[in-house]
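Down below is the structure, laid out as structure tokens.
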Amino acid sequence: MLIDFFKHKTECSHEHLRSDLDESYCPDCGALVRNKWYLVRCSCCNIKRKAFAGYEIKPDAKYCPNCGSSDFYIQELDKINFTDINYAVLKRIVVQQPNCHTNQVWVEKEDNLISANKLLELRK
Ligand SMILES: [Zn+2]
Ligand SMILES: [Zn+2]
């Protein structure tokens, strides 16, 4: 189950997802995905550090360009703003897997339709 879940996660990178909304449905895979913004700051002098989000969020340089410290912390942002956009990193978190129940309902409906038609044929 867990392996399947991670497999699914790597299948779609949700690249066509809107970044201006807190969460929306991915047009490529149908999952409900939440946009999460993070800032990486130096623990020593508190400046914003350039960062990237891979498996985990990390500053792109080992040492702070301002004070030389290698310690950093990650700040979660509620909302992204213009001053942070060059530094903030985006992580996309799947809130809900694609909803397959909609498909099942359709199949059921089709089955009912077929059986209804058959019933009509039998009445003839
Ligand atoms: Zn997707
Ligand atoms: Zn620093």
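Naming scheme: A, B, ... for chains in displayed order of the structure tokens; residues 1 onward per chain; ligands 1 onward as shown.
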
Exercise. Can you tell me which residues sit at most 7 Å away from ligand 2, counting only C-alpha atoms and all ligand atoms, written as an MDAnalysis selection string?
Worked result: chainID A and resid 42:47 64:69

Problem set entry | Nearby residues, ligand 1, 10 Å, only C-alpha atoms and all ligand atoms, as a PyMOL selection string | chain A and resi 8-17+25-33+92+94+97-98

For this session: Would you work out the distance separating CA of Lys91 (chain A) from CA of Ala61 (chain A), expressed in Å to one decimal?
Result: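 Answer for the CA of Lys91 (chain A) to CA of Ala61 (chain A) separation: 19.2 Å.
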
Exercise. When you draw a straight line from CA of Asp84 (chain A) to CA of Arg41 (chain A), how long is it in Å?
Worked result: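 Computing it gives 11.4 Å between the two atoms.
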
Problem set entry | Atom-to-atom span, CA of Asp22 (chain A) and CA of Lys58 (chain A), Å | 22.3 Å

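The closest residue to Gln75 (chain A), picked from A:Ser24, A:Tyr87, A:Asn35, A:Gly54 and counting only C-alpha atoms, is A:Tyr87.
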
Exercise. Leaving out Ala53 (chain A) and any residue of its chain fewer than 6 positions from it, which residues lie within 10 Å of it when counting only C-alpha atoms, given as a list of chain:residue names?
Worked result: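 Residues meeting the cut-off are A:Tyr38, A:Pro59, A:Asp60, A:Ala88, A:Val89, A:Leu90, A:Lys91, A:Arg92.
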
For this session: Check the DSSP output for the backbone and give back, as a PyMOL selection string, the residues of region 9-60 of chain A in strand (DSSP E or B).
Result: chain A and resi 23-25+32-42+48-49+51-53+57-59
